[in-house]
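Enquirer: The following file, coords_22.pdb, comprises PDB, C-alpha atoms:
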```
ATOM      1  CA  MET A   1      -5.526-143.342  23.262
ATOM      2  CA  THR A   2      -8.098-142.654  20.548
ATOM      3  CA  ASP A   3      -8.335-139.254  18.933
ATOM      4  CA  ARG A   4     -12.122-138.849  18.880
ATOM      5  CA  HIS A   5     -13.745-135.638  17.669
ATOM      6  CA  GLU A   6     -17.293-134.382  17.684
ATOM      7  CA  LEU A   7     -19.059-131.880  15.459
ATOM      8  CA  ARG A   8     -22.589-130.723  16.132
ATOM      9  CA  PHE A   9     -24.405-129.295  13.118
ATOM     10  CA  SER A  10     -27.545-127.387  14.047
ATOM     11  CA  ARG A  11     -30.607-128.864  12.345
ATOM     12  CA  ARG A  12     -31.918-125.350  11.832
ATOM     13  CA  LEU A  13     -28.826-124.371   9.873
ATOM     14  CA  TYR A  14     -27.595-127.521   8.124
ATOM     15  CA  HIS A  15     -29.471-129.817   5.777
ATOM     16  CA  GLY A  16     -29.399-133.422   6.998
ATOM     17  CA  GLU A  17     -28.682-134.876   3.566
ATOM     18  CA  ALA A  18     -25.861-132.377   3.132
ATOM     19  CA  VAL A  19     -24.248-133.573   6.357
ATOM     20  CA  ASP A  20     -24.690-137.213   5.282
ATOM     21  CA  GLN A  21     -23.179-136.489   1.887
ATOM     22  CA  ALA A  22     -20.243-134.648   3.436
ATOM     23  CA  VAL A  23     -19.543-137.560   5.751
ATOM     24  CA  LYS A  24     -19.607-139.952   2.802
ATOM     25  CA  ALA A  25     -17.182-137.714   0.906
ATOM     26  CA  PHE A  26     -14.642-137.949   3.746
ATOM     27  CA  ALA A  27     -15.353-141.544   4.735
ATOM     28  CA  ARG A  28     -11.930-142.791   3.635
ATOM     29  CA  PHE A  29     -10.097-140.351   5.907
ATOM     30  CA  ALA A  30     -11.749-141.308   9.200
ATOM     31  CA  SER A  31     -14.250-143.621  10.810
ATOM     32  CA  PHE A  32     -17.521-141.830  11.392
ATOM     33  CA  ASP A  33     -20.432-142.255  13.711
ATOM     34  CA  LEU A  34     -23.633-140.280  13.164
ATOM     35  CA  GLU A  35     -26.408-139.470  15.551
ATOM     36  CA  GLN A  36     -29.312-137.058  15.474
ATOM     37  CA  THR A  37     -30.752-135.217  18.427
ATOM     38  CA  ASP A  38     -33.698-132.818  18.548
ATOM     39  CA  ASP A  39     -31.428-129.873  17.773
ATOM     40  CA  ASP A  40     -28.336-131.216  16.049
ATOM     41  CA  TRP A  41     -26.855-133.629  13.572
ATOM     42  CA  VAL A  42     -24.006-135.077  15.620
ATOM     43  CA  VAL A  43     -20.952-136.371  13.777
ATOM     44  CA  ARG A  44     -18.242-138.163  15.760
ATOM     45  CA  PHE A  45     -15.126-139.224  13.983
ATOM     46  CA  THR A  46     -11.737-140.768  14.572
ATOM     47  CA  PRO A  47      -9.274-139.700  11.889
ATOM     48  CA  ASN A  48      -7.003-142.279  10.301
ATOM     49  CA  ASP A  49      -4.144-139.814  10.683
ATOM     50  CA  PRO A  50      -4.422-137.767  13.901
ATOM     51  CA  ALA A  51      -2.325-135.016  12.331
ATOM     52  CA  LEU A  52      -5.132-134.377   9.871
ATOM     53  CA  ALA A  53      -7.864-134.003  12.493
ATOM     54  CA  ARG A  54      -8.021-130.212  12.373
ATOM     55  CA  ARG A  55      -8.118-130.111   8.597
ATOM     56  CA  LEU A  56     -10.655-132.892   8.425
ATOM     57  CA  ARG A  57     -12.896-131.097  10.900
ATOM     58  CA  GLY A  58     -12.722-127.859   8.927
ATOM     59  CA  GLU A  59     -13.165-129.406   5.503
ATOM     60  CA  LEU A  60     -16.090-131.506   6.700
ATOM     61  CA  GLY A  61     -17.788-128.371   8.036
ATOM     62  CA  ASN A  62     -17.150-126.474   4.811
ATOM     63  CA  HIS A  63     -18.432-129.346   2.698
ATOM     64  CA  ALA A  64     -21.628-129.682   4.720
ATOM     65  CA  LEU A  65     -22.185-125.926   4.614
ATOM     66  CA  GLY A  66     -21.549-125.722   0.862
ATOM     67  CA  LEU A  67     -24.020-128.523   0.146
ATOM     68  CA  THR A  68     -26.570-126.957   2.494
ATOM     69  CA  VAL A  69     -26.332-123.607   0.692
ATOM     70  CA  GLN A  70     -26.629-125.331  -2.689
ATOM     71  CA  ARG A  71     -29.811-127.020  -1.439
ATOM     72  CA  GLY A  72     -31.264-123.662  -0.437
ATOM     73  CA  GLY A  73     -30.853-123.993   3.310
ATOM     74  CA  ALA A  74     -31.669-126.387   6.091
ATOM     75  CA  LYS A  75     -35.267-127.117   5.043
TER      76      LYS A  75
ATOM     77  CA  MET B  76      -9.145-119.211  24.903
ATOM     78  CA  THR B  77     -11.263-116.503  23.325
ATOM     79  CA  THR B  78     -10.583-112.815  23.812
ATOM     80  CA  VAL B  79     -12.529-109.766  22.795
ATOM     81  CA  LEU B  80     -11.268-108.089  19.659
ATOM     82  CA  GLU B  81     -10.281-104.496  20.285
ATOM     83  CA  GLY B  82     -12.502-102.047  18.450
ATOM     84  CA  ALA B  83     -15.171-104.635  17.692
ATOM     85  CA  PRO B  84     -18.682-104.453  19.166
ATOM     86  CA  ALA B  85     -18.618-105.956  22.661
ATOM     87  CA  GLY B  86     -20.119-109.410  22.912
ATOM     88  CA  LEU B  87     -20.412-109.880  19.166
ATOM     89  CA  VAL B  88     -16.861-110.693  18.117
ATOM     90  CA  ALA B  89     -14.365-112.930  19.907
ATOM     91  CA  VAL B  90     -10.955-114.150  18.840
ATOM     92  CA  ASP B  91      -9.108-117.346  19.678
ATOM     93  CA  VAL B  92      -5.556-116.724  18.473
ATOM     94  CA  GLN B  93      -4.332-120.146  19.558
ATOM     95  CA  ALA B  94      -6.940-121.848  17.385
ATOM     96  CA  ALA B  95      -6.563-119.185  14.665
ATOM     97  CA  ALA B  96     -10.303-118.637  14.844
ATOM     98  CA  VAL B  97     -12.629-115.697  15.127
ATOM     99  CA  GLN B  98     -16.325-115.863  15.902
ATOM    100  CA  PHE B  99     -19.063-113.431  15.107
ATOM    101  CA  LEU B 100     -22.548-113.444  16.635
ATOM    102  CA  VAL B 101     -25.069-112.391  14.008
ATOM    103  CA  ASP B 102     -28.578-111.157  14.756
ATOM    104  CA  GLU B 103     -31.041-112.800  12.365
ATOM    105  CA  GLU B 104     -33.406-109.842  12.603
ATOM    106  CA  LEU B 105     -30.763-107.633  11.016
ATOM    107  CA  TYR B 106     -29.219-110.189   8.692
ATOM    108  CA  PRO B 107     -31.624-112.818   7.306
ATOM    109  CA  LEU B 108     -30.424-116.414   7.111
ATOM    110  CA  PRO B 109     -30.062-116.443   3.278
ATOM    111  CA  ALA B 110     -27.662-113.507   3.603
ATOM    112  CA  ILE B 111     -25.644-115.350   6.270
ATOM    113  CA  TYR B 112     -25.495-118.403   4.007
ATOM    114  CA  GLY B 113     -24.413-116.240   1.087
ATOM    115  CA  ALA B 114     -21.585-114.567   2.977
ATOM    116  CA  ALA B 115     -20.458-117.865   4.510
ATOM    117  CA  TYR B 116     -20.399-119.493   1.088
ATOM    118  CA  VAL B 117     -18.084-116.782  -0.237
ATOM    119  CA  PHE B 118     -15.593-117.517   2.545
ATOM    120  CA  ILE B 119     -15.389-121.306   2.419
ATOM    121  CA  ASP B 120     -12.491-121.207  -0.030
ATOM    122  CA  ARG B 121     -10.468-118.918   2.266
ATOM    123  CA  CYS B 122     -11.125-120.379   5.700
ATOM    124  CA  TYR B 123     -13.103-123.001   7.551
ATOM    125  CA  VAL B 124     -16.605-121.727   8.225
ATOM    126  CA  PHE B 125     -18.875-123.194  10.841
ATOM    127  CA  LEU B 126     -22.361-122.009  11.770
ATOM    128  CA  ASP B 127     -23.991-122.516  15.120
ATOM    129  CA  ARG B 128     -27.117-121.260  16.853
ATOM    130  CA  PRO B 129     -26.267-120.594  20.500
ATOM    131  CA  GLU B 130     -29.580-118.854  21.142
ATOM    132  CA  PRO B 131     -32.814-118.222  19.208
ATOM    133  CA  ALA B 132     -32.549-115.638  16.410
ATOM    134  CA  ARG B 133     -28.762-115.556  16.736
ATOM    135  CA  VAL B 134     -26.279-117.333  14.496
ATOM    136  CA  ARG B 135     -22.664-117.728  15.514
ATOM    137  CA  VAL B 136     -20.266-117.748  12.587
ATOM    138  CA  VAL B 137     -16.848-119.243  13.316
ATOM    139  CA  LEU B 138     -14.092-118.540  10.814
ATOM    140  CA  THR B 139     -10.883-120.552  11.242
ATOM    141  CA  ALA B 140      -7.727-119.934   9.251
ATOM    142  CA  LYS B 141      -6.868-122.937   7.071
ATOM    143  CA  SER B 142      -3.174-122.540   7.761
ATOM    144  CA  GLY B 143      -3.668-123.111  11.482
ATOM    145  CA  ALA B 144      -1.902-119.930  12.502
ATOM    146  CA  ALA B 145      -3.054-116.350  12.226
ATOM    147  CA  GLU B 146      -2.115-113.046  13.761
ATOM    148  CA  PRO B 147      -4.824-111.045  15.555
ATOM    149  CA  GLU B 148      -4.620-108.441  12.799
ATOM    150  CA  ALA B 149      -5.257-111.089  10.148
ATOM    151  CA  LEU B 150      -8.255-112.354  12.109
ATOM    152  CA  ARG B 151      -9.523-108.797  12.492
ATOM    153  CA  ALA B 152      -9.257-108.301   8.722
ATOM    154  CA  LEU B 153     -11.007-111.611   8.116
ATOM    155  CA  ILE B 154     -13.992-110.811  10.299
ATOM    156  CA  GLY B 155     -14.140-107.283   8.911
ATOM    157  CA  GLU B 156     -14.325-108.574   5.358
ATOM    158  CA  PHE B 157     -16.916-111.104   6.402
ATOM    159  CA  ALA B 158     -19.037-108.368   7.988
ATOM    160  CA  ASN B 159     -18.823-106.327   4.787
ATOM    161  CA  GLU B 160     -19.800-109.321   2.679
ATOM    162  CA  LEU B 161     -22.667-110.061   5.049
ATOM    163  CA  LEU B 162     -23.979-106.525   4.686
ATOM    164  CA  SER B 163     -23.706-106.762   0.918
ATOM    165  CA  CYS B 164     -25.573-110.083   0.864
ATOM    166  CA  ALA B 165     -28.294-108.733   3.151
ATOM    167  CA  PHE B 166     -28.800-105.720   0.895
ATOM    168  CA  ARG B 167     -28.912-107.866  -2.246
ATOM    169  CA  HIS B 168     -31.408-110.158  -0.532
ATOM    170  CA  GLN B 169     -33.571-107.143   0.304
ATOM    171  CA  ILE B 170     -33.448-105.901  -3.299
ATOM    172  CA  ALA B 171     -34.374-109.370  -4.568
ATOM    173  CA  GLN B 172     -37.314-109.482  -2.159
ATOM    174  CA  ASP B 173     -38.497-106.010  -3.186
ATOM    175  CA  ASN B 174     -38.298-106.803  -6.897
ATOM    176  CA  ARG B 175     -39.534-110.380  -6.763
ATOM    177  CA  VAL B 176     -42.825-109.617  -8.536
ATOM    178  CA  LEU B 177     -41.067-107.649 -11.258
ATOM    179  CA  ILE B 178     -38.481-110.395 -11.796
ATOM    180  CA  GLU B 179     -41.143-113.104 -11.921
ATOM    181  CA  THR B 180     -43.247-111.082 -14.384
ATOM    182  CA  ALA B 181     -40.289-110.414 -16.685
ATOM    183  CA  THR B 182     -39.248-114.070 -16.538
ATOM    184  CA  MET B 183     -42.771-115.230 -17.281
ATOM    185  CA  GLN B 184     -43.037-112.918 -20.254
ATOM    186  CA  ALA B 185     -39.664-114.067 -21.566
ATOM    187  CA  LEU B 186     -40.678-117.710 -21.253
ATOM    188  CA  ALA B 187     -44.055-117.030 -22.852
ATOM    189  CA  GLY B 188     -42.294-115.307 -25.754
ATOM    190  CA  ALA B 189     -39.939-118.241 -26.143
ATOM    191  CA  MET B 190     -42.901-120.581 -26.515
ATOM    192  CA  GLY B 191     -43.349-119.244 -30.071
ATOM    193  CA  GLN B 192     -46.309-118.064 -32.127
ATOM    194  CA  PRO B 193     -49.798-119.188 -31.148
ATOM    195  CA  SER B 194     -51.278-121.962 -33.289
ATOM    196  CA  LEU B 195     -54.434-121.583 -35.395
ATOM    197  CA  ASP B 196     -56.321-123.490 -32.711
ATOM    198  CA  ASP B 197     -55.113-121.012 -30.078
ATOM    199  CA  LEU B 198     -56.238-118.105 -32.245
ATOM    200  CA  ALA B 199     -59.601-119.760 -32.941
ATOM    201  CA  LYS B 200     -60.191-120.067 -29.212
ATOM    202  CA  PHE B 201     -59.118-116.475 -28.511
ATOM    203  CA  ASP B 202     -61.847-114.382 -26.933
ATOM    204  CA  PHE B 203     -61.971-111.156 -28.967
ATOM    205  CA  SER B 204     -64.978-109.892 -27.059
ATOM    206  CA  ASP B 205     -62.731-109.104 -24.122
ATOM    207  CA  GLN B 206     -62.124-105.358 -24.059
ATOM    208  CA  GLY B 207     -58.541-104.429 -23.384
ATOM    209  CA  PHE B 208     -59.178-101.392 -21.207
ATOM    210  CA  ASP B 209     -61.435 -98.400 -20.782
ATOM    211  CA  ASP B 210     -60.200 -95.113 -22.154
ATOM    212  CA  PRO B 211     -62.478 -92.426 -20.674
ATOM    213  CA  LEU B 212     -59.854 -89.673 -21.170
ATOM    214  CA  GLY B 213     -59.152 -90.604 -24.768
ATOM    215  CA  ILE B 214     -55.484 -91.259 -24.113
ATOM    216  CA  ALA B 215     -55.331 -94.065 -26.642
ATOM    217  CA  MET B 216     -56.849 -91.924 -29.409
ATOM    218  CA  SER B 217     -54.624 -90.596 -32.187
ATOM    219  CA  TRP B 218     -53.936 -86.859 -32.422
ATOM    220  CA  GLU B 219     -56.016 -86.614 -35.594
ATOM    221  CA  GLU B 220     -58.969 -88.286 -33.940
ATOM    222  CA  LYS B 221     -58.759 -86.028 -30.934
ATOM    223  CA  HIS B 222     -57.722 -82.627 -32.327
ATOM    224  CA  GLY B 223     -57.937 -82.882 -36.084
ATOM    225  CA  ARG B 224     -60.291 -80.752 -38.198
ATOM    226  CA  LYS B 225     -63.797 -82.027 -38.019
ATOM    227  CA  ALA B 226     -65.398 -83.099 -41.275
ATOM    228  CA  PRO B 227     -67.970 -80.551 -42.513
ATOM    229  CA  LYS B 228     -71.506 -81.452 -41.672
ATOM    230  CA  SER B 229     -73.582 -82.488 -44.624
ATOM    231  CA  GLU B 230     -76.526 -80.249 -45.674
ATOM    232  CA  SER B 231     -79.005 -82.989 -44.973
ATOM    233  CA  GLU B 232     -78.167 -82.702 -41.329
ATOM    234  CA  GLY B 233     -79.947 -79.339 -41.413
ATOM    235  CA  GLY B 234     -78.866 -75.815 -40.613
ATOM    236  CA  PRO B 235     -80.105 -72.332 -40.069
TER     237      PRO B 235
END
```
Output the file's structure as structure tokens, nothing else.

Expert:
Amino acid sequence: MTDRHELRFSRRLYHGEAVDQAVKAFARFASFDLEQTDDDWVVRFTPNDPALARRLRGELGNHALGLTVQRGGAK
Amino acid sequence: MTTVLEGAPAGLVAVDVQAAAVQFLVDEELYPLPAIYGAAYVFIDRCYVFLDRPEPARVRVVLTAKSGAAEPEALRALIGEFANELLSCAFRHQIAQDNRVLIETATMQALAGAMGQPSLDDLAKFDFSDQGFDDPLGIAMSWEEKHGRKAPKSESEGGP
């Protein structure tokens, strides 16, 4: 059974490059799959260590948010 | 499973003790997005922060304890501190907006001053014909010019 997780970052709130950069920063901890819809940047990931899934999810969100704020917002 | 936090505004705050998370629905008309970003940024070292937009003009802020376990009281304190920080950020944002022109003017003057003295070419091109300002009330006149004793009129000017 695979431990697959999904995070949906609103395109109105998160900068796309910030999400990309955050995914790259955590690339060695999970395998990622990115998709974009009209409303969201969708990140699906399978962590290398299932025990770290919760932490990975949280840290990825924080990283994307931090980079978005540093870029002055979603636009 | 989320439950309503006792004492919190109904429909705005919900707690999920099992997930050690608390969510707060923020109205963008009251708290502008830069203020929400500012408050969220302050909290990313203390908890996991996630923003979502469940409906137009509303931002849902989800704060999750990093430890993975939190008592309802701890979550209540967390969301309370976040609300305070959000209010502070919104007020600072408002002040910055109100004083934007003043800040830009002061910055421009500081930068212009840092550019150094004008060159001889700059002075040669300076338009001295441009009058600084009108002074119909004589405000810019010195006290002596305005109220000092008048010089006696010369005899050639005539008299009785």

Enquirer: Can you work out which residues from chain A touch chain B at a cut-off of 10 Å (counting only C-alpha atoms) and hand them back as an mmCIF file with C-alpha atoms, keeping the file's coordinate frame?

Expert:
```cif
data_model
loop_
_atom_site.group_PDB
_atom_site.id
_atom_site.type_symbol
_atom_site.label_atom_id
_atom_site.label_comp_id
_atom_site.auth_asym_id
_atom_site.auth_seq_id
_atom_site.Cartn_x
_atom_site.Cartn_y
_atom_site.Cartn_z
ATOM 1 C CA LEU A 7 -19.059 -131.880 15.459
ATOM 2 C CA ARG A 8 -22.589 -130.723 16.132
ATOM 3 C CA PHE A 9 -24.405 -129.295 13.118
ATOM 4 C CA SER A 10 -27.545 -127.387 14.047
ATOM 5 C CA ARG A 11 -30.607 -128.864 12.345
ATOM 6 C CA ARG A 12 -31.918 -125.350 11.832
ATOM 7 C CA LEU A 13 -28.826 -124.371 9.873
ATOM 8 C CA TYR A 14 -27.595 -127.521 8.124
ATOM 9 C CA ASP A 39 -31.428 -129.873 17.773
ATOM 10 C CA ASP A 40 -28.336 -131.216 16.049
ATOM 11 C CA ARG A 54 -8.021 -130.212 12.373
ATOM 12 C CA ARG A 55 -8.118 -130.111 8.597
ATOM 13 C CA ARG A 57 -12.896 -131.097 10.900
ATOM 14 C CA GLY A 58 -12.722 -127.859 8.927
ATOM 15 C CA GLU A 59 -13.165 -129.406 5.503
ATOM 16 C CA LEU A 60 -16.090 -131.506 6.700
ATOM 17 C CA GLY A 61 -17.788 -128.371 8.036
ATOM 18 C CA ASN A 62 -17.150 -126.474 4.811
ATOM 19 C CA HIS A 63 -18.432 -129.346 2.698
ATOM 20 C CA ALA A 64 -21.628 -129.682 4.720
ATOM 21 C CA LEU A 65 -22.185 -125.926 4.614
ATOM 22 C CA GLY A 66 -21.549 -125.722 0.862
ATOM 23 C CA LEU A 67 -24.020 -128.523 0.146
ATOM 24 C CA THR A 68 -26.570 -126.957 2.494
ATOM 25 C CA VAL A 69 -26.332 -123.607 0.692
ATOM 26 C CA GLN A 70 -26.629 -125.331 -2.689
ATOM 27 C CA GLY A 72 -31.264 -123.662 -0.437
ATOM 28 C CA GLY A 73 -30.853 -123.993 3.310
#
```

Enquirer: To one decimal place in Å, what is the distance between atom CA of B:Thr180 and atom CA of B:Asp197?

Expert: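 Separation of atom CA of B:Thr180 and atom CA of B:Asp197: 22.0 Å.
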
Enquirer: From the set A:Gly16, A:Leu56, A:His5, A:Arg28, which residue has the shortest atom-to-atom contact distance to A:Val43, counting only C-alpha atoms?

Expert: A:His5

Enquirer: For atom CA of A:Arg4 and atom CA of A:Phe45, determine how far apart the two atoms are, in Å to one decimal place.

Expert: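 Atom-to-atom, atom CA of A:Arg4 and atom CA of A:Phe45 are spaced 5.8 Å apart.
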
Enquirer: Listed atoms of stretch 36-40 of chain A, axis-aligned box, 5 Å per side: centre and edge lengths to one decimal in Å, as JSON?

Expert:
```
{"center_x": -31.0, "center_y": -133.5, "center_z": 17.0, "size_x": 15.4, "size_y": 17.2, "size_z": 13.1}
```

Enquirer: Could you state the separation of atom CA of B:Arg135 and atom CA of A:Thr46 in Å, given to one decimal place?

Expert: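 Calculated distance between atom CA of B:Arg135 and atom CA of A:Thr46 is 25.5 Å.
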
Enquirer: Can stretch 183-216 of chain B be brought up to N, CA and C atoms and written out as a PDB file, in the coordinates of the input?

Expert:
```pdb
ATOM      1  N   MET B 183     -41.602-114.569 -16.701  1.00  0.00           N
ATOM      2  CA  MET B 183     -42.771-115.230 -17.281  1.00  0.00           C
ATOM      3  C   MET B 183     -43.005-114.758 -18.712  1.00  0.00           C
ATOM      4  N   GLN B 184     -42.835-113.453 -18.913  1.00  0.00           N
ATOM      5  CA  GLN B 184     -43.037-112.918 -20.254  1.00  0.00           C
ATOM      6  C   GLN B 184     -41.973-113.443 -21.220  1.00  0.00           C
ATOM      7  N   ALA B 185     -40.739-113.550 -20.711  1.00  0.00           N
ATOM      8  CA  ALA B 185     -39.664-114.067 -21.566  1.00  0.00           C
ATOM      9  C   ALA B 185     -39.927-115.523 -21.942  1.00  0.00           C
ATOM     10  N   LEU B 186     -40.385-116.299 -20.973  1.00  0.00           N
ATOM     11  CA  LEU B 186     -40.678-117.710 -21.253  1.00  0.00           C
ATOM     12  C   LEU B 186     -41.868-117.840 -22.196  1.00  0.00           C
ATOM     13  N   ALA B 187     -42.880-116.982 -21.981  1.00  0.00           N
ATOM     14  CA  ALA B 187     -44.055-117.030 -22.852  1.00  0.00           C
ATOM     15  C   ALA B 187     -43.657-116.665 -24.276  1.00  0.00           C
ATOM     16  N   GLY B 188     -42.767-115.691 -24.429  1.00  0.00           N
ATOM     17  CA  GLY B 188     -42.294-115.307 -25.754  1.00  0.00           C
ATOM     18  C   GLY B 188     -41.504-116.411 -26.412  1.00  0.00           C
ATOM     19  N   ALA B 189     -40.760-117.159 -25.603  1.00  0.00           N
ATOM     20  CA  ALA B 189     -39.939-118.241 -26.143  1.00  0.00           C
ATOM     21  C   ALA B 189     -40.778-119.434 -26.562  1.00  0.00           C
ATOM     22  N   MET B 190     -42.042-119.447 -26.134  1.00  0.00           N
ATOM     23  CA  MET B 190     -42.901-120.581 -26.515  1.00  0.00           C
ATOM     24  C   MET B 190     -43.315-120.494 -27.983  1.00  0.00           C
ATOM     25  N   GLY B 191     -43.077-119.364 -28.637  1.00  0.00           N
ATOM     26  CA  GLY B 191     -43.349-119.244 -30.071  1.00  0.00           C
ATOM     27  C   GLY B 191     -44.727-118.673 -30.365  1.00  0.00           C
ATOM     28  N   GLN B 192     -45.048-118.640 -31.681  1.00  0.00           N
ATOM     29  CA  GLN B 192     -46.309-118.064 -32.127  1.00  0.00           C
ATOM     30  C   GLN B 192     -47.472-118.963 -31.710  1.00  0.00           C
ATOM     31  N   PRO B 193     -48.624-118.353 -31.456  1.00  0.00           N
ATOM     32  CA  PRO B 193     -49.798-119.188 -31.148  1.00  0.00           C
ATOM     33  C   PRO B 193     -50.250-119.964 -32.380  1.00  0.00           C
ATOM     34  N   SER B 194     -50.807-121.137 -32.173  1.00  0.00           N
ATOM     35  CA  SER B 194     -51.278-121.962 -33.289  1.00  0.00           C
ATOM     36  C   SER B 194     -52.641-121.446 -33.761  1.00  0.00           C
ATOM     37  N   LEU B 195     -53.119-121.981 -34.888  1.00  0.00           N
ATOM     38  CA  LEU B 195     -54.434-121.583 -35.395  1.00  0.00           C
ATOM     39  C   LEU B 195     -55.524-121.946 -34.398  1.00  0.00           C
ATOM     40  N   ASP B 196     -55.336-123.085 -33.726  1.00  0.00           N
ATOM     41  CA  ASP B 196     -56.321-123.490 -32.711  1.00  0.00           C
ATOM     42  C   ASP B 196     -56.376-122.482 -31.571  1.00  0.00           C
ATOM     43  N   ASP B 197     -55.163-122.009 -31.148  1.00  0.00           N
ATOM     44  CA  ASP B 197     -55.113-121.012 -30.078  1.00  0.00           C
ATOM     45  C   ASP B 197     -55.835-119.737 -30.500  1.00  0.00           C
ATOM     46  N   LEU B 198     -55.593-119.332 -31.757  1.00  0.00           N
ATOM     47  CA  LEU B 198     -56.238-118.105 -32.245  1.00  0.00           C
ATOM     48  C   LEU B 198     -57.745-118.288 -32.364  1.00  0.00           C
ATOM     49  N   ALA B 199     -58.165-119.502 -32.804  1.00  0.00           N
ATOM     50  CA  ALA B 199     -59.601-119.760 -32.941  1.00  0.00           C
ATOM     51  C   ALA B 199     -60.303-119.689 -31.595  1.00  0.00           C
ATOM     52  N   LYS B 200     -59.583-120.063 -30.552  1.00  0.00           N
ATOM     53  CA  LYS B 200     -60.191-120.067 -29.212  1.00  0.00           C
ATOM     54  C   LYS B 200     -60.092-118.704 -28.534  1.00  0.00           C
ATOM     55  N   PHE B 201     -59.355-117.763 -29.163  1.00  0.00           N
ATOM     56  CA  PHE B 201     -59.118-116.475 -28.511  1.00  0.00           C
ATOM     57  C   PHE B 201     -60.420-115.694 -28.354  1.00  0.00           C
ATOM     58  N   ASP B 202     -60.618-115.120 -27.221  1.00  0.00           N
ATOM     59  CA  ASP B 202     -61.847-114.382 -26.933  1.00  0.00           C
ATOM     60  C   ASP B 202     -61.650-112.918 -27.305  1.00  0.00           C
ATOM     61  N   PHE B 203     -62.144-112.528 -28.506  1.00  0.00           N
ATOM     62  CA  PHE B 203     -61.971-111.156 -28.967  1.00  0.00           C
ATOM     63  C   PHE B 203     -62.975-110.201 -28.329  1.00  0.00           C
ATOM     64  N   SER B 204     -63.967-110.758 -27.676  1.00  0.00           N
ATOM     65  CA  SER B 204     -64.978-109.892 -27.059  1.00  0.00           C
ATOM     66  C   SER B 204     -64.429-109.182 -25.829  1.00  0.00           C
ATOM     67  N   ASP B 205     -63.303-109.687 -25.343  1.00  0.00           N
ATOM     68  CA  ASP B 205     -62.731-109.104 -24.122  1.00  0.00           C
ATOM     69  C   ASP B 205     -62.121-107.733 -24.429  1.00  0.00           C
ATOM     70  N   GLN B 206     -62.642-106.704 -23.829  1.00  0.00           N
ATOM     71  CA  GLN B 206     -62.124-105.358 -24.059  1.00  0.00           C
ATOM     72  C   GLN B 206     -60.809-105.186 -23.312  1.00  0.00           C
ATOM     73  N   GLY B 207     -59.857-104.595 -23.999  1.00  0.00           N
ATOM     74  CA  GLY B 207     -58.541-104.429 -23.384  1.00  0.00           C
ATOM     75  C   GLY B 207     -58.584-103.538 -22.160  1.00  0.00           C
ATOM     76  N   PHE B 208     -59.105-102.315 -22.345  1.00  0.00           N
ATOM     77  CA  PHE B 208     -59.178-101.392 -21.207  1.00  0.00           C
ATOM     78  C   PHE B 208     -60.111-100.242 -21.562  1.00  0.00           C
ATOM     79  N   ASP B 209     -60.611 -99.589 -20.562  1.00  0.00           N
ATOM     80  CA  ASP B 209     -61.435 -98.400 -20.782  1.00  0.00           C
ATOM     81  C   ASP B 209     -60.525 -97.206 -21.023  1.00  0.00           C
ATOM     82  N   ASP B 210     -61.015 -96.288 -21.850  1.00  0.00           N
ATOM     83  CA  ASP B 210     -60.200 -95.113 -22.154  1.00  0.00           C
ATOM     84  C   ASP B 210     -61.076 -93.865 -22.042  1.00  0.00           C
ATOM     85  N   PRO B 211     -61.550 -93.560 -20.824  1.00  0.00           N
ATOM     86  CA  PRO B 211     -62.478 -92.426 -20.674  1.00  0.00           C
ATOM     87  C   PRO B 211     -61.844 -91.082 -21.011  1.00  0.00           C
ATOM     88  N   LEU B 212     -60.524 -90.949 -20.881  1.00  0.00           N
ATOM     89  CA  LEU B 212     -59.854 -89.673 -21.170  1.00  0.00           C
ATOM     90  C   LEU B 212     -59.363 -89.585 -22.610  1.00  0.00           C
ATOM     91  N   GLY B 213     -59.565 -90.629 -23.365  1.00  0.00           N
ATOM     92  CA  GLY B 213     -59.152 -90.604 -24.768  1.00  0.00           C
ATOM     93  C   GLY B 213     -57.649 -90.623 -24.953  1.00  0.00           C
ATOM     94  N   ILE B 214     -56.946 -91.234 -24.040  1.00  0.00           N
ATOM     95  CA  ILE B 214     -55.484 -91.259 -24.113  1.00  0.00           C
ATOM     96  C   ILE B 214     -55.006 -92.107 -25.288  1.00  0.00           C
ATOM     97  N   ALA B 215     -55.759 -93.164 -25.581  1.00  0.00           N
ATOM     98  CA  ALA B 215     -55.331 -94.065 -26.642  1.00  0.00           C
ATOM     99  C   ALA B 215     -55.721 -93.563 -28.025  1.00  0.00           C
ATOM    100  N   MET B 216     -56.438 -92.457 -28.091  1.00  0.00           N
ATOM    101  CA  MET B 216     -56.849 -91.924 -29.409  1.00  0.00           C
ATOM    102  C   MET B 216     -55.683 -91.251 -30.107  1.00  0.00           C
TER     103      MET B 216
END
```
